[in-house]
file upload.cif (mmCIF, C-alpha atoms, pLDDT in the B column; chains and numbers go by the auth columns)
data_entry
loop_
_atom_site.group_PDB
_atom_site.id
_atom_site.type_symbol
_atom_site.label_atom_id
_atom_site.label_comp_id
_atom_site.label_asym_id
_atom_site.label_seq_id
_atom_site.Cartn_x
_atom_site.Cartn_y
_atom_site.Cartn_z
_atom_site.B_iso_or_equiv
_atom_site.auth_seq_id
_atom_site.auth_asym_id
ATOM 1 C CA MET A 1 -1.153 -10.859 1.653 45.00 1 N
ATOM 2 C CA LYS A 2 1.666 -10.452 -0.840 47.00 2 N
ATOM 3 C CA ASN A 3 -0.597 -8.358 -3.053 49.00 3 N
ATOM 4 C CA TYR A 4 -1.444 -6.161 -0.110 47.00 4 N
ATOM 5 C CA LEU A 5 2.201 -5.561 0.775 47.00 5 N
ATOM 6 C CA ARG A 6 3.179 -4.876 -2.826 52.00 6 N
ATOM 7 C CA VAL A 7 0.399 -2.342 -3.399 51.00 7 N
ATOM 8 C CA PHE A 8 0.892 -0.729 0.005 50.00 8 N
ATOM 9 C CA GLY A 9 4.599 -0.327 -0.683 52.00 9 N
ATOM 10 C CA ALA A 10 3.978 1.168 -4.124 53.00 10 N
ATOM 11 C CA ALA A 11 1.455 3.639 -2.712 55.00 11 N
ATOM 12 C CA VAL A 12 3.818 4.799 0.031 53.00 12 N
ATOM 13 C CA LEU A 13 6.675 5.184 -2.452 53.00 13 N
ATOM 14 C CA CYS A 14 4.593 7.233 -4.884 55.00 14 N
ATOM 15 C CA LEU A 15 3.283 9.474 -2.120 57.00 15 N
ATOM 16 C CA GLY A 16 6.887 10.036 -1.070 57.00 16 N
ATOM 17 C CA LEU A 17 7.807 11.019 -4.621 53.00 17 N
ATOM 18 C CA VAL A 18 5.016 13.602 -4.707 54.00 18 N
ATOM 19 C CA THR A 19 6.172 15.357 -1.555 52.00 19 N
ATOM 20 C CA ALA A 20 9.881 15.006 -2.358 50.00 20 N
ATOM 21 C CA SER A 21 9.386 16.556 -5.803 48.00 21 N
ATOM 22 C CA ALA A 22 7.845 19.669 -4.261 47.00 22 N
ATOM 23 C CA GLN A 23 11.210 20.878 -3.024 44.00 23 N
ATOM 24 C CA PHE A 24 10.070 24.482 -3.001 47.00 24 N
ATOM 25 C CA GLY A 25 8.446 23.617 0.319 43.00 25 N
ATOM 26 C CA PRO A 26 6.744 20.223 0.498 40.00 26 N
ATOM 27 C CA MET A 27 3.743 19.833 2.717 44.00 27 N
ATOM 28 C CA PRO A 28 0.892 17.354 3.112 47.00 28 N
ATOM 29 C CA GLY A 29 -1.325 19.466 0.858 47.00 29 N
ATOM 30 C CA GLY A 30 1.113 19.516 -2.047 57.00 30 N
ATOM 31 C CA PRO A 31 3.531 22.236 -3.203 64.00 31 N
ATOM 32 C CA ASP A 32 3.763 25.061 -0.675 63.00 32 N
ATOM 33 C CA PHE A 33 3.217 28.500 -2.227 70.00 33 N
ATOM 34 C CA GLY A 34 3.524 30.346 1.066 66.00 34 N
ATOM 35 C CA GLY A 35 6.697 31.929 2.376 69.00 35 N
ATOM 36 C CA SER A 36 9.409 32.924 -0.093 76.00 36 N
ATOM 37 C CA ILE A 37 8.001 31.243 -3.199 82.00 37 N
ATOM 38 C CA GLY A 38 4.672 33.003 -2.709 82.00 38 N
ATOM 39 C CA LYS A 39 6.405 36.309 -3.345 85.00 39 N
ATOM 40 C CA LEU A 40 7.265 35.236 -6.908 90.00 40 N
ATOM 41 C CA PHE A 41 3.614 35.453 -7.979 90.00 41 N
ATOM 42 C CA GLY A 42 3.253 39.143 -7.195 86.00 42 N
ATOM 43 C CA ASN A 43 -0.370 40.217 -7.378 88.00 43 N
ATOM 44 C CA ASN A 44 -1.488 36.955 -9.009 92.00 44 N
ATOM 45 C CA ARG A 45 -3.165 35.526 -5.924 90.00 45 N
ATOM 46 C CA ALA A 46 -5.748 33.337 -7.670 94.00 46 N
ATOM 47 C CA PHE A 47 -5.185 31.101 -10.691 96.00 47 N
ATOM 48 C CA SER A 48 -5.347 27.597 -12.134 97.00 48 N
ATOM 49 C CA ALA A 49 -2.944 25.865 -14.510 97.00 49 N
ATOM 50 C CA THR A 50 -1.370 22.612 -15.537 97.00 50 N
ATOM 51 C CA LEU A 51 1.849 22.152 -13.588 94.00 51 N
ATOM 52 C CA GLU A 52 4.896 20.010 -14.279 94.00 52 N
ATOM 53 C CA ILE A 53 7.381 19.528 -11.450 89.00 53 N
ATOM 54 C CA ARG A 54 10.783 18.251 -12.552 88.00 54 N
ATOM 55 C CA SER A 55 13.222 17.286 -9.801 84.00 55 N
ATOM 56 C CA THR A 56 16.693 15.752 -10.085 82.00 56 N
ATOM 57 C CA ASP A 57 17.538 13.861 -6.907 74.00 57 N
ATOM 58 C CA SER A 58 20.633 12.006 -8.103 65.00 58 N
ATOM 59 C CA ALA A 59 22.978 11.668 -11.045 67.00 59 N
ATOM 60 C CA THR A 60 20.782 8.908 -12.472 71.00 60 N
ATOM 61 C CA ASN A 61 17.213 9.875 -11.610 78.00 61 N
ATOM 62 C CA THR A 62 14.991 12.772 -12.579 83.00 62 N
ATOM 63 C CA THR A 63 11.376 12.676 -11.463 83.00 63 N
ATOM 64 C CA VAL A 64 8.843 14.343 -13.768 87.00 64 N
ATOM 65 C CA MET A 65 5.433 14.873 -12.218 87.00 65 N
ATOM 66 C CA PRO A 66 2.620 16.491 -14.262 92.00 66 N
ATOM 67 C CA GLY A 67 -0.620 17.570 -12.665 92.00 67 N
ATOM 68 C CA LYS A 68 -3.295 20.222 -12.352 95.00 68 N
ATOM 69 C CA PHE A 69 -2.853 23.057 -9.888 94.00 69 N
ATOM 70 C CA SER A 70 -5.299 25.567 -8.418 94.00 70 N
ATOM 71 C CA PHE A 71 -4.529 28.406 -6.027 93.00 71 N
ATOM 72 C CA ASP A 72 -6.523 31.081 -4.251 93.00 72 N
ATOM 73 C CA SER A 73 -5.047 33.364 -1.578 88.00 73 N
ATOM 74 C CA GLY A 74 -3.028 30.649 0.153 85.00 74 N
ATOM 75 C CA LYS A 75 -5.380 27.730 -0.511 90.00 75 N
ATOM 76 C CA SER A 76 -4.032 25.203 -3.024 90.00 76 N
ATOM 77 C CA ARG A 77 -5.030 22.017 -4.834 93.00 77 N
ATOM 78 C CA PHE A 78 -2.704 19.676 -6.749 92.00 78 N
ATOM 79 C CA GLU A 79 -4.111 16.743 -8.750 93.00 79 N
ATOM 80 C CA VAL A 80 -1.759 13.935 -9.805 89.00 80 N
ATOM 81 C CA ASN A 81 -2.255 10.784 -11.867 89.00 81 N
ATOM 82 C CA MET A 82 0.507 8.433 -10.756 81.00 82 N
ATOM 83 C CA SER A 83 0.467 6.620 -14.114 81.00 83 N
ATOM 84 C CA GLU A 84 1.835 9.816 -15.676 85.00 84 N
ATOM 85 C CA VAL A 85 4.732 10.191 -13.240 81.00 85 N
ATOM 86 C CA GLN A 86 8.152 9.414 -14.721 82.00 86 N
ATOM 87 C CA SER A 87 10.819 8.193 -12.319 77.00 87 N
ATOM 88 C CA GLN A 88 13.279 5.339 -12.133 74.00 88 N
ATOM 89 C CA MET A 89 12.259 4.958 -8.496 70.00 89 N
ATOM 90 C CA VAL A 90 8.766 3.749 -9.432 68.00 90 N
ATOM 91 C CA PRO A 91 8.818 -0.068 -9.842 66.00 91 N
ATOM 92 C CA ALA A 92 7.513 -1.563 -13.065 66.00 92 N
ATOM 93 C CA GLY A 93 3.821 -2.328 -12.740 69.00 93 N
ATOM 94 C CA ALA A 94 3.328 -0.091 -9.691 67.00 94 N
ATOM 95 C CA ALA A 95 0.940 2.272 -11.477 67.00 95 N
ATOM 96 C CA ALA A 96 -1.236 -0.630 -12.685 71.00 96 N
ATOM 97 C CA GLN A 97 -1.347 -2.116 -9.177 69.00 97 N
ATOM 98 C CA MET A 98 -2.384 1.198 -7.685 70.00 98 N
ATOM 99 C CA LYS A 99 -5.027 1.775 -10.364 74.00 99 N
ATOM 100 C CA SER A 100 -6.559 -1.638 -9.675 70.00 100 N
ATOM 101 C CA ILE A 101 -7.591 -0.541 -6.190 71.00 101 N
ATOM 102 C CA GLY A 102 -8.156 3.183 -6.771 72.00 102 N
ATOM 103 C CA LEU A 103 -4.854 4.624 -5.556 76.00 103 N
ATOM 104 C CA ASP A 104 -3.641 6.031 -8.879 83.00 104 N
ATOM 105 C CA GLN A 105 -5.552 9.323 -8.682 88.00 105 N
ATOM 106 C CA MET A 106 -4.348 11.598 -5.887 88.00 106 N
ATOM 107 C CA VAL A 107 -5.539 15.094 -4.936 92.00 107 N
ATOM 108 C CA MET A 108 -3.681 17.169 -2.358 90.00 108 N
ATOM 109 C CA VAL A 109 -5.479 20.143 -0.851 92.00 109 N
ATOM 110 C CA SER A 110 -3.811 22.630 1.466 89.00 110 N
ATOM 111 C CA ARG A 111 -5.876 24.935 3.684 89.00 111 N
ATOM 112 C CA PRO A 112 -3.520 27.158 5.716 87.00 112 N
ATOM 113 C CA ASP A 113 -6.535 29.168 6.861 88.00 113 N
ATOM 114 C CA LYS A 114 -7.880 26.039 8.575 90.00 114 N
ATOM 115 C CA LYS A 115 -4.418 24.678 9.470 89.00 115 N
ATOM 116 C CA ALA A 116 -5.459 21.513 7.647 90.00 116 N
ATOM 117 C CA ALA A 117 -4.501 19.453 4.606 89.00 117 N
ATOM 118 C CA TYR A 118 -6.513 16.813 2.760 92.00 118 N
ATOM 119 C CA LEU A 119 -5.095 13.882 0.793 90.00 119 N
ATOM 120 C CA VAL A 120 -7.966 12.710 -1.404 93.00 120 N
ATOM 121 C CA TYR A 121 -8.240 9.438 -3.354 90.00 121 N
ATOM 122 C CA PRO A 122 -11.244 9.692 -5.737 92.00 122 N
ATOM 123 C CA GLY A 123 -10.907 6.026 -6.741 87.00 123 N
ATOM 124 C CA MET A 124 -11.498 5.037 -3.106 87.00 124 N
ATOM 125 C CA GLN A 125 -13.923 7.846 -2.338 91.00 125 N
ATOM 126 C CA SER A 126 -11.821 8.475 0.756 91.00 126 N
ATOM 127 C CA TYR A 127 -9.539 11.146 2.157 93.00 127 N
ATOM 128 C CA VAL A 128 -7.072 11.686 4.974 91.00 128 N
ATOM 129 C CA GLU A 129 -7.146 14.906 6.967 92.00 129 N
ATOM 130 C CA THR A 130 -3.935 16.071 8.648 89.00 130 N
ATOM 131 C CA SER A 131 -2.865 19.184 10.508 88.00 131 N
ATOM 132 C CA LEU A 132 -0.487 21.726 9.044 80.00 132 N
ATOM 133 C CA SER A 133 2.344 22.948 11.195 68.00 133 N
ATOM 134 C CA ALA A 134 2.328 26.551 12.372 56.00 134 N
ATOM 135 C CA THR A 135 5.038 27.323 9.800 52.00 135 N
ATOM 136 C CA ALA A 136 3.192 25.717 6.920 56.00 136 N
ATOM 137 C CA SER A 137 -0.093 27.413 7.780 50.00 137 N
ATOM 138 C CA ALA A 138 1.467 30.854 8.076 54.00 138 N
ATOM 139 C CA GLY A 139 1.072 31.590 4.360 51.00 139 N
ATOM 140 C CA THR A 140 2.921 34.318 2.481 52.00 140 N
ATOM 141 C CA ASN A 141 4.876 36.722 4.671 60.00 141 N
ATOM 142 C CA ALA A 142 4.285 40.308 3.563 64.00 142 N
ATOM 143 C CA ASP A 143 7.527 41.432 5.258 76.00 143 N
ATOM 144 C CA TYR A 144 9.776 39.322 2.993 85.00 144 N
ATOM 145 C CA LYS A 145 12.189 41.395 0.907 89.00 145 N
ATOM 146 C CA VAL A 146 12.328 40.692 -2.827 91.00 146 N
ATOM 147 C CA GLU A 147 15.201 41.681 -5.125 95.00 147 N
ATOM 148 C CA ALA A 148 14.863 40.977 -8.848 95.00 148 N
ATOM 149 C CA THR A 149 17.578 41.303 -11.490 97.00 149 N
ATOM 150 C CA GLU A 150 16.721 40.950 -15.176 97.00 150 N
ATOM 151 C CA LEU A 151 18.785 38.286 -16.950 97.00 151 N
ATOM 152 C CA GLY A 152 17.269 38.593 -20.405 97.00 152 N
ATOM 153 C CA LYS A 153 14.157 37.937 -22.465 97.00 153 N
ATOM 154 C CA GLU A 154 12.851 34.586 -23.725 97.00 154 N
ATOM 155 C CA THR A 155 9.654 33.155 -25.195 97.00 155 N
ATOM 156 C CA LEU A 156 8.166 30.166 -23.363 96.00 156 N
ATOM 157 C CA ASP A 157 5.124 28.280 -24.662 93.00 157 N
ATOM 158 C CA GLY A 158 4.252 31.309 -26.794 96.00 158 N
ATOM 159 C CA HIS A 159 4.514 33.798 -23.922 97.00 159 N
ATOM 160 C CA PRO A 160 7.017 36.680 -24.129 98.00 160 N
ATOM 161 C CA CYS A 161 8.890 36.492 -20.819 98.00 161 N
ATOM 162 C CA VAL A 162 11.416 38.430 -18.822 98.00 162 N
ATOM 163 C CA LYS A 163 13.908 36.073 -17.205 98.00 163 N
ATOM 164 C CA ASN A 164 14.731 37.275 -13.693 97.00 164 N
ATOM 165 C CA LYS A 165 17.057 36.273 -10.911 97.00 165 N
ATOM 166 C CA VAL A 166 14.985 36.696 -7.748 96.00 166 N
ATOM 167 C CA VAL A 167 16.403 36.695 -4.223 95.00 167 N
ATOM 168 C CA VAL A 168 13.865 36.542 -1.392 91.00 168 N
ATOM 169 C CA THR A 169 15.026 37.394 2.132 92.00 169 N
ATOM 170 C CA ASP A 170 12.854 36.411 5.076 85.00 170 N
ATOM 171 C CA THR A 171 12.522 38.175 8.408 83.00 171 N
ATOM 172 C CA ASP A 172 15.408 36.144 9.878 85.00 172 N
ATOM 173 C CA GLY A 173 17.764 37.197 7.107 88.00 173 N
ATOM 174 C CA SER A 174 17.730 33.815 5.345 88.00 174 N
ATOM 175 C CA LYS A 175 17.896 34.089 1.558 91.00 175 N
ATOM 176 C CA GLN A 176 16.476 31.864 -1.159 90.00 176 N
ATOM 177 C CA GLU A 177 17.373 32.334 -4.812 94.00 177 N
ATOM 178 C CA PHE A 178 15.123 31.577 -7.779 94.00 178 N
ATOM 179 C CA THR A 179 15.127 32.060 -11.520 97.00 179 N
ATOM 180 C CA ALA A 180 11.692 33.099 -12.763 97.00 180 N
ATOM 181 C CA TRP A 181 10.350 33.594 -16.272 98.00 181 N
ATOM 182 C CA ASN A 182 7.613 36.246 -15.946 97.00 182 N
ATOM 183 C CA ALA A 183 5.112 36.368 -18.819 98.00 183 N
ATOM 184 C CA ALA A 184 4.373 39.883 -20.056 97.00 184 N
ATOM 185 C CA ASP A 185 0.981 38.828 -21.420 97.00 185 N
ATOM 186 C CA LEU A 186 -0.081 37.170 -18.125 97.00 186 N
ATOM 187 C CA LYS A 187 0.415 40.051 -15.699 96.00 187 N
ATOM 188 C CA LYS A 188 4.015 38.942 -15.039 96.00 188 N
ATOM 189 C CA PHE A 189 2.910 35.475 -13.950 97.00 189 N
ATOM 190 C CA PRO A 190 5.993 33.214 -13.501 96.00 190 N
ATOM 191 C CA VAL A 191 5.310 30.497 -16.091 97.00 191 N
ATOM 192 C CA LYS A 192 8.610 28.847 -15.127 97.00 192 N
ATOM 193 C CA ILE A 193 10.370 28.817 -11.759 95.00 193 N
ATOM 194 C CA GLN A 194 13.694 27.171 -11.026 94.00 194 N
ATOM 195 C CA THR A 195 15.651 26.751 -7.811 90.00 195 N
ATOM 196 C CA GLY A 196 18.418 24.254 -7.205 87.00 196 N
ATOM 197 C CA ASP A 197 17.586 20.977 -8.971 87.00 197 N
ATOM 198 C CA THR A 198 13.840 21.606 -9.112 87.00 198 N
ATOM 199 C CA THR A 199 11.788 23.291 -11.830 92.00 199 N
ATOM 200 C CA MET A 200 8.103 24.195 -12.010 93.00 200 N
ATOM 201 C CA LEU A 201 6.539 24.763 -15.417 96.00 201 N
ATOM 202 C CA PHE A 202 3.036 26.264 -15.669 97.00 202 N
ATOM 203 C CA LYS A 203 0.877 26.002 -18.793 97.00 203 N
ATOM 204 C CA GLN A 204 -2.732 26.837 -19.686 97.00 204 N
ATOM 205 C CA VAL A 205 -2.723 29.502 -16.991 97.00 205 N
ATOM 206 C CA VAL A 206 -6.104 31.005 -16.096 97.00 206 N
ATOM 207 C CA LEU A 207 -5.887 34.131 -13.942 97.00 207 N
ATOM 208 C CA ALA A 208 -9.239 33.775 -12.199 96.00 208 N
ATOM 209 C CA ALA A 209 -10.382 32.437 -8.853 96.00 209 N
ATOM 210 C CA PRO A 210 -11.047 28.659 -8.992 96.00 210 N
ATOM 211 C CA ALA A 211 -14.323 27.317 -7.609 96.00 211 N
ATOM 212 C CA ALA A 212 -14.350 27.295 -3.805 96.00 212 N
ATOM 213 C CA ALA A 213 -15.323 23.599 -3.843 95.00 213 N
ATOM 214 C CA ASN A 214 -11.860 22.761 -5.222 95.00 214 N
ATOM 215 C CA PHE A 215 -10.426 23.400 -1.773 95.00 215 N
ATOM 216 C CA GLU A 216 -12.832 21.236 0.227 95.00 216 N
ATOM 217 C CA PRO A 217 -12.871 17.463 0.738 93.00 217 N
ATOM 218 C CA PRO A 218 -15.620 15.928 -1.433 93.00 218 N
ATOM 219 C CA SER A 219 -18.915 15.404 0.343 92.00 219 N
ATOM 220 C CA GLY A 220 -19.828 11.772 0.844 94.00 220 N
ATOM 221 C CA TYR A 221 -16.202 10.587 0.979 95.00 221 N
ATOM 222 C CA THR A 222 -15.004 8.561 3.968 92.00 222 N
ATOM 223 C CA LYS A 223 -12.674 10.515 6.243 93.00 223 N
ATOM 224 C CA TYR A 224 -9.593 8.947 7.850 93.00 224 N
ATOM 225 C CA ASP A 225 -7.179 10.411 10.369 89.00 225 N
ATOM 226 C CA ASP A 226 -4.086 8.642 9.060 86.00 226 N
ATOM 227 C CA MET A 227 -2.831 7.174 5.808 80.00 227 N
ATOM 228 C CA GLN A 228 -2.045 3.703 7.133 79.00 228 N
ATOM 229 C CA THR A 229 -5.565 3.057 8.424 86.00 229 N
ATOM 230 C CA MET A 230 -7.141 4.219 5.171 84.00 230 N
ATOM 231 C CA MET A 231 -4.890 2.065 3.034 78.00 231 N
ATOM 232 C CA GLN A 232 -5.258 -0.969 5.271 78.00 232 N
ATOM 233 C CA GLN A 233 -9.047 -0.876 5.316 81.00 233 N
ATOM 234 C CA GLN A 234 -9.568 0.108 1.688 74.00 234 N
ATOM 235 C CA ILE A 235 -6.953 -2.196 0.166 70.00 235 N
ATOM 236 C CA MET A 236 -8.022 -5.198 2.234 73.00 236 N
ATOM 237 C CA LYS A 237 -11.632 -4.628 1.224 74.00 237 N
ATOM 238 C CA ARG A 238 -10.660 -4.629 -2.452 66.00 238 N
ATOM 239 C CA LEU A 239 -8.416 -7.636 -2.081 63.00 239 N
ATOM 240 C CA GLY A 240 -11.146 -9.817 -0.678 63.00 240 N
ATOM 241 C CA GLY A 241 -11.979 -8.462 2.784 51.00 241 N
ATOM 242 C CA LEU A 242 -9.195 -10.082 4.741 46.00 242 N
ATOM 243 C CA ALA A 243 -10.143 -10.262 8.391 41.00 243 N
ATOM 244 C CA THR A 244 -6.721 -9.564 9.848 45.00 244 N
ATOM 245 C CA PRO A 245 -4.252 -6.792 9.080 45.00 245 N
ATOM 246 C CA PRO A 246 -0.896 -7.689 7.523 42.00 246 N
ATOM 247 C CA GLY A 247 1.681 -8.982 9.997 44.00 247 N
ATOM 248 C CA ASN A 248 -0.916 -10.575 12.322 44.00 248 N
#
call {"tool": "encode", "arguments": {"input": "upload.cif", "output": "structure tokens"}}
result
Amino acid sequence: MKNYLRVFGAAVLCLGLVTASAQFGPMPGGPDFGGSIGKLFGNNRAFSATLEIRSTDSATNTTVMPGKFSFDSGKSRFEVNMSEVQSQMVPAGAAAQMKSIGLDQMVMVSRPDKKAAYLVYPGMQSYVETSLSATASAGTNADYKVEATELGKETLDGHPCVKNKVVVTDTDGSKQEFTAWNAADLKKFPVKIQTGDTTMLFKQVVLAAPAAANFEPPSGYTKYDDMQTMMQQQIMKRLGGLATPPGN
């Protein structure tokens, strides 16, 4: 029972860190590239890359979350290995506990076209399907106004970049400000994006459409409608098939 509660708590905490680190617009399917941030990518509507999200949430804690990201016309996929996440909020031993039952690998898929998101755990061969809100599933708004001001030129990861201050204004007049480093040799792809205390850094960028299967839940995996049920059933099975749920 204690093992169950410890692993369950670690899994919930790590899932919270994933969504909290995507401050550009967190959603169940991972970082949200619709709305204002979607305008930063210009005509680059399909790509894959490694992605590091760095978020400072207090004076003492910075969360660094590396992963693999794929995008195609609003559909997105973000793969995270929780053992690679750096944060003072993650308890010692949490990654090992999660790995022991298959919770360390996490894949978040967002499908605004289907108004659905999938949270996939390959180690459990299971996934949770949730609904996206109307706002989250709206995708990039073509009517958003974009104003860019050049701040200088820098080289990042070998790419010659133009550093821009970008202000995106939505249809309600709300503004969001970003700093973007647009790579001249990657069709102005923003290899680095910063807003507030959050930074996204893209490397190994491939400007081609990812395989369509990347944005579907794996065939043969068990589907769940909520996270708690999946964790309860899968963790209990791995911890010896306890007959009663925790707390009973």
call {"tool": "resolve_selection", "arguments": {"input": "upload.cif", "expression": "the PyMOL selection byres ((chain N and resi 196) around 10)", "output": "PyMOL selection string"}}
result
chain N and resi 23-24+55-56+176-179+194-195+197-199
call {"tool": "closest_residue", "arguments": {"input": "upload.cif", "among": "N:Phe78, N:Tyr144, N:Phe41, N:Phe71", "to": "Val120 of chain N", "atoms": "only C-alpha atoms"}}
result
N:Phe78
call {"tool": "resolve_selection", "arguments": {"input": "upload.cif", "expression": "the PyMOL selection byres ((chain N and resi 158-165) around 6)", "output": "PDB file with C-alpha atoms, keeping the file's coordinate frame"}}
result
ATOM      1  CA  ALA N 148      14.863  40.977  -8.848  1.00 95.00           C
ATOM      2  CA  THR N 149      17.578  41.303 -11.490  1.00 97.00           C
ATOM      3  CA  GLU N 150      16.721  40.950 -15.176  1.00 97.00           C
ATOM      4  CA  LEU N 151      18.785  38.286 -16.950  1.00 97.00           C
ATOM      5  CA  GLY N 152      17.269  38.593 -20.405  1.00 97.00           C
ATOM      6  CA  LYS N 153      14.157  37.937 -22.465  1.00 97.00           C
ATOM      7  CA  GLU N 154      12.851  34.586 -23.725  1.00 97.00           C
ATOM      8  CA  THR N 155       9.654  33.155 -25.195  1.00 97.00           C
ATOM      9  CA  LEU N 156       8.166  30.166 -23.363  1.00 96.00           C
ATOM     10  CA  ASP N 157       5.124  28.280 -24.662  1.00 93.00           C
ATOM     11  CA  VAL N 166      14.985  36.696  -7.748  1.00 96.00           C
ATOM     12  CA  PHE N 178      15.123  31.577  -7.779  1.00 94.00           C
ATOM     13  CA  THR N 179      15.127  32.060 -11.520  1.00 97.00           C
ATOM     14  CA  ALA N 180      11.692  33.099 -12.763  1.00 97.00           C
ATOM     15  CA  TRP N 181      10.350  33.594 -16.272  1.00 98.00           C
ATOM     16  CA  ASN N 182       7.613  36.246 -15.946  1.00 97.00           C
ATOM     17  CA  ALA N 183       5.112  36.368 -18.819  1.00 98.00           C
ATOM     18  CA  ALA N 184       4.373  39.883 -20.056  1.00 97.00           C
TER      19      ALA N 184
END
call {"tool": "resolve_selection", "arguments": {"input": "upload.cif", "expression": "the PyMOL selection byres ((chain N and resi 230) around 12)", "output": "PyMOL selection string"}}
result
chain N and resi 8+11+103+119-121+124-129+221-229+231-237
call {"tool": "closest_residue", "arguments": {"input": "upload.cif", "among": "N:Leu201, N:Lys145, N:Pro217, N:Leu207", "to": "Asp185 of chain N", "atoms": "only C-alpha atoms"}}
result
N:Leu207
call {"tool": "closest_residue", "arguments": {"input": "upload.cif", "among": "N:Asn81, N:Thr130, N:Gln88, N:Asn44", "to": "Asn61 of chain N", "atoms": "all atoms listed in the file"}}
result
N:Gln88
call {"tool": "closest_residue", "arguments": {"input": "upload.cif", "among": "N:Gly123, N:Gly42, N:Lys192, N:Ser87", "to": "Asp104 of chain N", "atoms": "only C-alpha atoms"}}
result
N:Gly123
call {"tool": "atom_distance", "arguments": {"input": "upload.cif", "atom1": "atom CA of Ala211 of chain N", "atom2": "atom CA of Asp143 of chain N"}}
result
29.0 Å
call {"tool": "atom_distance", "arguments": {"input": "upload.cif", "atom1": "atom CA of Val206 of chain N", "atom2": "atom CA of Ala117 of chain N"}}
result
23.8 Å
call {"tool": "atom_distance", "arguments": {"input": "upload.cif", "atom1": "atom CA of Ala208 of chain N", "atom2": "atom CA of Lys115 of chain N"}}
result
24.0 Å
call {"tool": "residues_around", "arguments": {"input": "upload.cif", "residues": "Ser70 of chain N", "least_positions_apart": "4", "cutoff": "8 Å", "atoms": "only C-alpha atoms", "output": "list of chain:residue names"}}
result
N:Ala46, N:Phe47, N:Ser48, N:Ala49, N:Ser76, N:Arg77, N:Phe78, N:Pro210, N:Asn214
